[in-house]
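See structure below.
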Number of protein chains: 2
Amino acid sequence: MPIIDCQTEKLILDTAMRVFFAEGRINATTQDIADTAGVNRTLINYYFRSKKALIATAVKKTQKEFMRNSDLILSSALPLRVKTENFIDDFLKNQYKYPFLESFIMVEFTNQRLKKNGSTVFSIKQPAPIKKYLAEIKNEMNEGRIPKYNPSHFLINMFSLMIYPVIMKPLQMSVCNLNEKEYQEILNERKQIIMNILFPPAV
Amino acid sequence: MPIIDCQTEKLILDTAMRVFFAEGRINATTQDIADTAGVNRTLINYYFRSKKALIATAVKKTQKEFMRNSDLILSSALPLRVKTENFIDDFLKNQYKYPFLESFIMVEFTNQRLKKNGSTVFSIKQPAPIKKYLAEIKNEMNEGRIPKYNPSHFLINMFSLMIYPVIMKPLQMSVCNLNEKEYQEILNERKQIIMNILFPPAV
DNA sequence: GTCTATAGCGGGATAGAC
DNA sequence: GTCTATCCCGCTATAGAC
């Protein structure tokens, strides 16, 4: 009995996003999604045609959520340091909501790379705000306010330091011999650590 | 016609390591492994009982290769800075050989986390040399030679900066708008970049 | 729009001949 | 040790009734 029309599609999509990107059930089947959502499995095919299409839609929508604020932040006229701090803040908050998004994309990317029939679900290009941001980094380096090297390293360092500790959480907990609570405290300190690396206080 | 006795087992194992960790075919089937090795698929079951057991063996052997030198380096009496540089050198060299090992372990770890029957293929514990290394980091911080914070951040930063740029290579190439050659040059510069972050020149 | 039933395949594992 | 043949299961997708 469909009380609210067209709501099932949204329910399935939201459930898929939660299962894949929030809970990290990376190999979840369509049956798993359907059960979690409390709907019949065939409805997934009815609304999204195939599992692959569902995943593509879910990734797209989640990335859109991610970029909603970050694009504005990167395009703003704020000084680089403030802009970067805001960006990191926003990114970490999104990542807290979907901790497995990055690793999921990585796996899909790695798999798709090997297929002959290049059904490129992911065609990530350099977003325009990133280009602008890179130019600003270069400028800041030229003015001697941050150490000078290839600006790509700045981006790579930033993403490395934000993403790796989250996607490798179970491993790093073991390596550092920390429990859940202790590691969470570490994660809470990350923003400050990262800022100090990207903008060394002494220079 | 078995010319060399017991060589098939090694061939299968080496092929699995190559396919999984070097080529990154993370979802490769036993048939894929067998075809690549040029042997019959049933031989995998004959020698390794199951696919899962094959993977466990492959991971174990590869990790052992990884740790062969690094344990010696970390346990040595060298000063922290030299020791760290040697460790990074060794780790990056291994990672160049098996670029997908870390992401493979991450995925397996993530999946296994959800199973009820906790057949823990991976039971990574904090190795003794790491414990010693952490103590040395703390000591160096107390002497004011590197910035003072929770020593776990030092480890997390180091591994983040080494591993992320490799496992996320395709994505980062897109984000930074770099081609294969350009990104390779970036990777070659990583050691110096990482050392400057872990041991800031100015402080 | 939602269900049941079923097709179809791809993958892992085993039995048994050689 | 190595092969062929076969079994069985889990998963995706579709046909068709309601």
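Residues in the structure tokens are numbered from 1 in each chain, the chains being A, B, ... in the order shown, and ligands are numbered from 1 in the order shown.
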
message: as a ChimeraX atom specification, could you give me every residue of chain D near chain A (at most 12 Å apart, counting only C-alpha atoms (C1' of nucleotides))?
response: /D:10-15

Please tabulate, as JSON lines, the residues of chain C that come within 9 Å of chain B, each with its closest pair of atoms and the distance in Å to one decimal, counting only C-alpha atoms (C1' of nucleotides) and ordering rows by chain, then residue number upward.
```
{"residue": "C:DG11", "atom": "C1'", "partner": "B:Thr29", "partner_atom": "CA", "distance": 7.3}
{"residue": "C:DG12", "atom": "C1'", "partner": "B:Lys51", "partner_atom": "CA", "distance": 7.8}
{"residue": "C:DA13", "atom": "C1'", "partner": "B:Asn45", "partner_atom": "CA", "distance": 7.5}
```

For C-alpha atoms (C1' of nucleotides), I'd like the residues from the last selection saved as a CSV table (one decimal), in the first residue's frame.
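Okay, this is what ended up in out-v6.csv:
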```
chain,number,residue,atom,x,y,z
C,11,DG,C1',32.2,-18.9,-9.0
C,12,DG,C1',34.0,-22.2,-5.4
C,13,DA,C1',34.7,-26.8,-4.2
```

task: Would you please work out which residue, of A:Lys181, A:Arg81, A:Lys93, A:Lys169, is nearest to chain B when using only C-alpha atoms?
output: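 Checking each of A:Lys181, A:Arg81, A:Lys93, A:Lys169 against chain B, counting only C-alpha atoms, the winner is A:Lys169.
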
- request: Identify, on the basis of only C-alpha atoms (C1' of nucleotides), every residue whose closest approach to Pro165 in chain A does not exceed 12 Å; exclude the query and any residue fewer than 5 positions from it along the same chain; express the result as an MDAnalysis selection string.
  value: (chainID A and resid 92 95:96 99:100 102:103 158:160 170:173 175:176 183:184 186:191 194) or (chainID B and resid 106 152:161 163:164)

Using C-alpha atoms, can you write the selected residues to a file as a JSON list (two decimals), in the first residue's frame?
```json
[["chain", "number", "residue", "atom", "x", "y", "z"],
["A", 92, "LEU", "CA", 36.24, 15.96, 7.75],
["A", 95, "GLN", "CA", 33.89, 12.09, 5.93],
["A", 96, "TYR", "CA", 32.60, 11.50, 9.42],
["A", 99, "PRO", "CA", 33.74, 7.19, 6.28],
["A", 100, "PHE", "CA", 33.89, 4.53, 3.55],
["A", 102, "GLU", "CA", 36.71, 7.18, -0.46],
["A", 103, "SER", "CA", 37.71, 3.55, -0.13],
["A", 158, "MET", "CA", 46.22, 17.41, 2.57],
["A", 159, "PHE", "CA", 44.10, 14.57, 1.23],
["A", 160, "SER", "CA", 46.52, 11.92, 2.50],
["A", 170, "PRO", "CA", 41.15, -0.62, 12.01],
["A", 171, "LEU", "CA", 44.74, -1.16, 10.87],
["A", 172, "GLN", "CA", 46.10, 1.97, 12.45],
["A", 173, "MET", "CA", 44.38, 1.17, 15.72],
["A", 175, "VAL", "CA", 49.62, -0.55, 14.74],
["A", 176, "CYS", "CA", 49.38, 2.24, 17.30],
["A", 183, "TYR", "CA", 41.70, 6.55, 18.34],
["A", 184, "GLN", "CA", 38.64, 8.79, 18.24],
["A", 186, "ILE", "CA", 43.37, 11.15, 17.81],
["A", 187, "LEU", "CA", 40.95, 11.79, 14.95],
["A", 188, "ASN", "CA", 39.56, 14.82, 16.75],
["A", 189, "GLU", "CA", 43.05, 16.30, 16.87],
["A", 190, "ARG", "CA", 43.71, 15.77, 13.17],
["A", 191, "LYS", "CA", 42.59, 19.18, 11.92],
["A", 194, "ILE", "CA", 47.16, 18.92, 9.45],
["B", 106, "MET", "CA", 42.01, -2.75, 3.96],
["B", 152, "SER", "CA", 50.71, 8.21, 17.34],
["B", 153, "HIS", "CA", 50.23, 11.21, 15.04],
["B", 154, "PHE", "CA", 53.82, 10.84, 13.95],
["B", 155, "LEU", "CA", 53.18, 7.26, 12.83],
["B", 156, "ILE", "CA", 49.82, 8.08, 11.27],
["B", 157, "ASN", "CA", 51.28, 11.02, 9.37],
["B", 158, "MET", "CA", 54.15, 8.91, 8.09],
["B", 159, "PHE", "CA", 51.97, 6.08, 6.83],
["B", 160, "SER", "CA", 49.33, 8.46, 5.45],
["B", 161, "LEU", "CA", 51.91, 10.34, 3.42],
["B", 163, "ILE", "CA", 50.52, 5.00, 1.35],
["B", 164, "TYR", "CA", 47.69, 7.28, 0.25]]
```

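Restricting the calculation to only C-alpha atoms, the smallest distance between Lys52 in chain B and any of B:Leu72, B:Ile130, B:Ile146, B:Ala16 is found for B:Ala16.
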
query: Which parts of chain B does DSSP call helix (DSSP H, G or I) when run on the backbone here, written out as an MDAnalysis selection string?
result: chainID B and resid 7:22 30:37 42:48 51:75 80:97 101:112 128:142 151:167 169:176 180:198

- request: Go ahead and compute the interatomic distance for CA of Asn196 in chain B and CA of Gln126 in chain A, in Å to one decimal.
  value: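 CA of Asn196 in chain B sits 27.3 Å away from CA of Gln126 in chain A.
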
field: Selection: 8 Å around range 20-22 of chain B, only C-alpha atoms (C1' of nucleotides), excl. self and same-chain fewer than 6 positions, as a ChimeraX atom specification
entry: /B:28,97-101,104
